[in-house]
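S.K.: Below are the structure tokens for one structure; questions will follow.
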Amino acid sequence: MPIYEYQCDACGHQHEVLQKISDDLLTSCPECGKDALKKIISAAGFRLSGNGWYETDFKSGNQKNLASKDSDSSSGS
């Protein structure tokens, strides 16, 4: 599910929202309440959930979540 960034033209408030691609764009600012919210272009971010190719491919043996394993070993000396 993609993470979108929004900015209010009225008050300048910025925030991120986890939304489906099919969801309507938000227009009401959660900070000031005005209908001046615009989606801004930023680095793409999304969250993968469940089990699928990202959880099973490109890994050797029964390893899972290699990112966590790498960060644990690099922080412990």
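Letters for chains follow the order of the structure tokens (A, B, ...), residue numbers begin at 1 for each chain, and ligand numbers begin at 1 in the order shown.
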Skipping near chain neighbours, those fewer than 3 positions away, what residues fall within 7 Å of segment 2-11 of chain A using only C-alpha atoms, listed as an MDAnalysis selection string?
M.R.: chainID A and resid 14:21 29 32 36:40 45:47
S.K.: Would you save the residues of that selection, restricted to C-alpha atoms, as a JSON list (two decimals), in the first residue's frame?
M.R.:
```json
[["chain", "number", "residue", "atom", "x", "y", "z"],
["A", 14, "GLN", "CA", 2.71, 18.34, 5.82],
["A", 15, "HIS", "CA", 1.90, 14.75, 6.66],
["A", 16, "GLU", "CA", 2.07, 11.21, 5.28],
["A", 17, "VAL", "CA", -0.93, 8.95, 4.73],
["A", 18, "LEU", "CA", -1.07, 5.22, 4.03],
["A", 19, "GLN", "CA", -3.71, 4.86, 1.29],
["A", 20, "LYS", "CA", -4.83, 2.43, -1.35],
["A", 21, "ILE", "CA", -4.14, 3.54, -4.91],
["A", 29, "CYS", "CA", -6.27, 19.48, 6.25],
["A", 32, "CYS", "CA", -6.46, 23.67, 10.12],
["A", 36, "ALA", "CA", -6.56, 23.17, 0.78],
["A", 37, "LEU", "CA", -4.72, 19.83, 0.99],
["A", 38, "LYS", "CA", -2.65, 18.84, -2.05],
["A", 39, "LYS", "CA", -0.70, 15.66, -2.72],
["A", 40, "ILE", "CA", 2.99, 16.45, -3.18],
["A", 45, "GLY", "CA", 7.17, 4.62, -0.31],
["A", 46, "PHE", "CA", 5.06, 1.54, 0.21],
["A", 47, "ARG", "CA", 4.63, -1.31, 2.62]]
```
